[in-house]
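Participant: Below you'll find the structure I mean.
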Amino acid sequence: MEEFNRKVIIIPKFRTNLIEIWDYIAQDSIQNADKFIFDLKSVMDKIEKYPESNPMFLPLAGKRKLYRFKIYKKNYLIIYKLLKYKLIYIRVVYSKRKPSFYQSLRTKNY
């Protein structure tokens with residue numbers, strides 16, 4: 001397995017999703033909302049260290065197999081795009097979404 005020094009990009013919608021999730025959890029517990037974000041950072045660090053270790057994200061699978069995901073806290077997916085020199089965080093989404101939703105995540109902008 002080749003190792004590259006990949007640039008990590010977090011697209012604005014990824015950040016927006018995190019704010020929305022934090023707001024939702026914070027309605028019940030600010031402490032739990034903070035823990036969600038803190039723990040997420042730890043998982044992202046592992047993704048950045050071993051990005052190929054997570055499976056392809058089949059709803060966005062194509063010939064180049066760019067999209068991957070990591071299950072987070074049982075009900076969320078961290079979806080990212082893996083290129084030779086970039087790792088792009090696309091979204092954190094609730095895992096029970098309709099499959100048609102995921103097509104909107106495909107991006108050529110990064």
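Ligands are numbered from 1 in the order shown, residues from 1 within each chain, and chains are lettered A, B, ... in the order they appear in the structure tokens.
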I want to know what sits within 10 Å of stretch 16-32 of chain A, based on only C-alpha atoms, with residues of the same chain fewer than 2 positions away left out; could you give that as a ChimeraX atom specification?
Facilitator: /A:11-14,34-38,40,90-94
Participant: So that I can check the surroundings of A:Val43, please list as a PyMOL selection string every protein, DNA and RNA residue that reaches within 8 Å of it, counting only C-alpha atoms and ignoring chain neighbours fewer than 4 positions away.
Facilitator: chain A and resi 39+47+72
Participant: Calculate how many Å separate atom CA of A:Ile71 from atom CA of A:Asn54, rounding to one decimal.
Facilitator: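 For atom CA of A:Ile71 relative to atom CA of A:Asn54, the distance reads 9.1 Å.
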Participant: Go through A:Pro51, A:Asn5, A:Lys96, A:Lys41 one by one, measure the shortest atom-to-atom distance of each to A:Leu82 using only C-alpha atoms, and give the residue with the smallest value.
Facilitator: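 Of the candidates, the smallest distance to A:Leu82 is held by A:Pro51.
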Participant: Here is a test: counting only C-alpha atoms, which residue of A:Glu52, A:Ile79, A:Arg15, A:Arg6 is nearest to A:Ser95?
Facilitator: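 With only C-alpha atoms as the atom set, the closest residue is A:Ile79.
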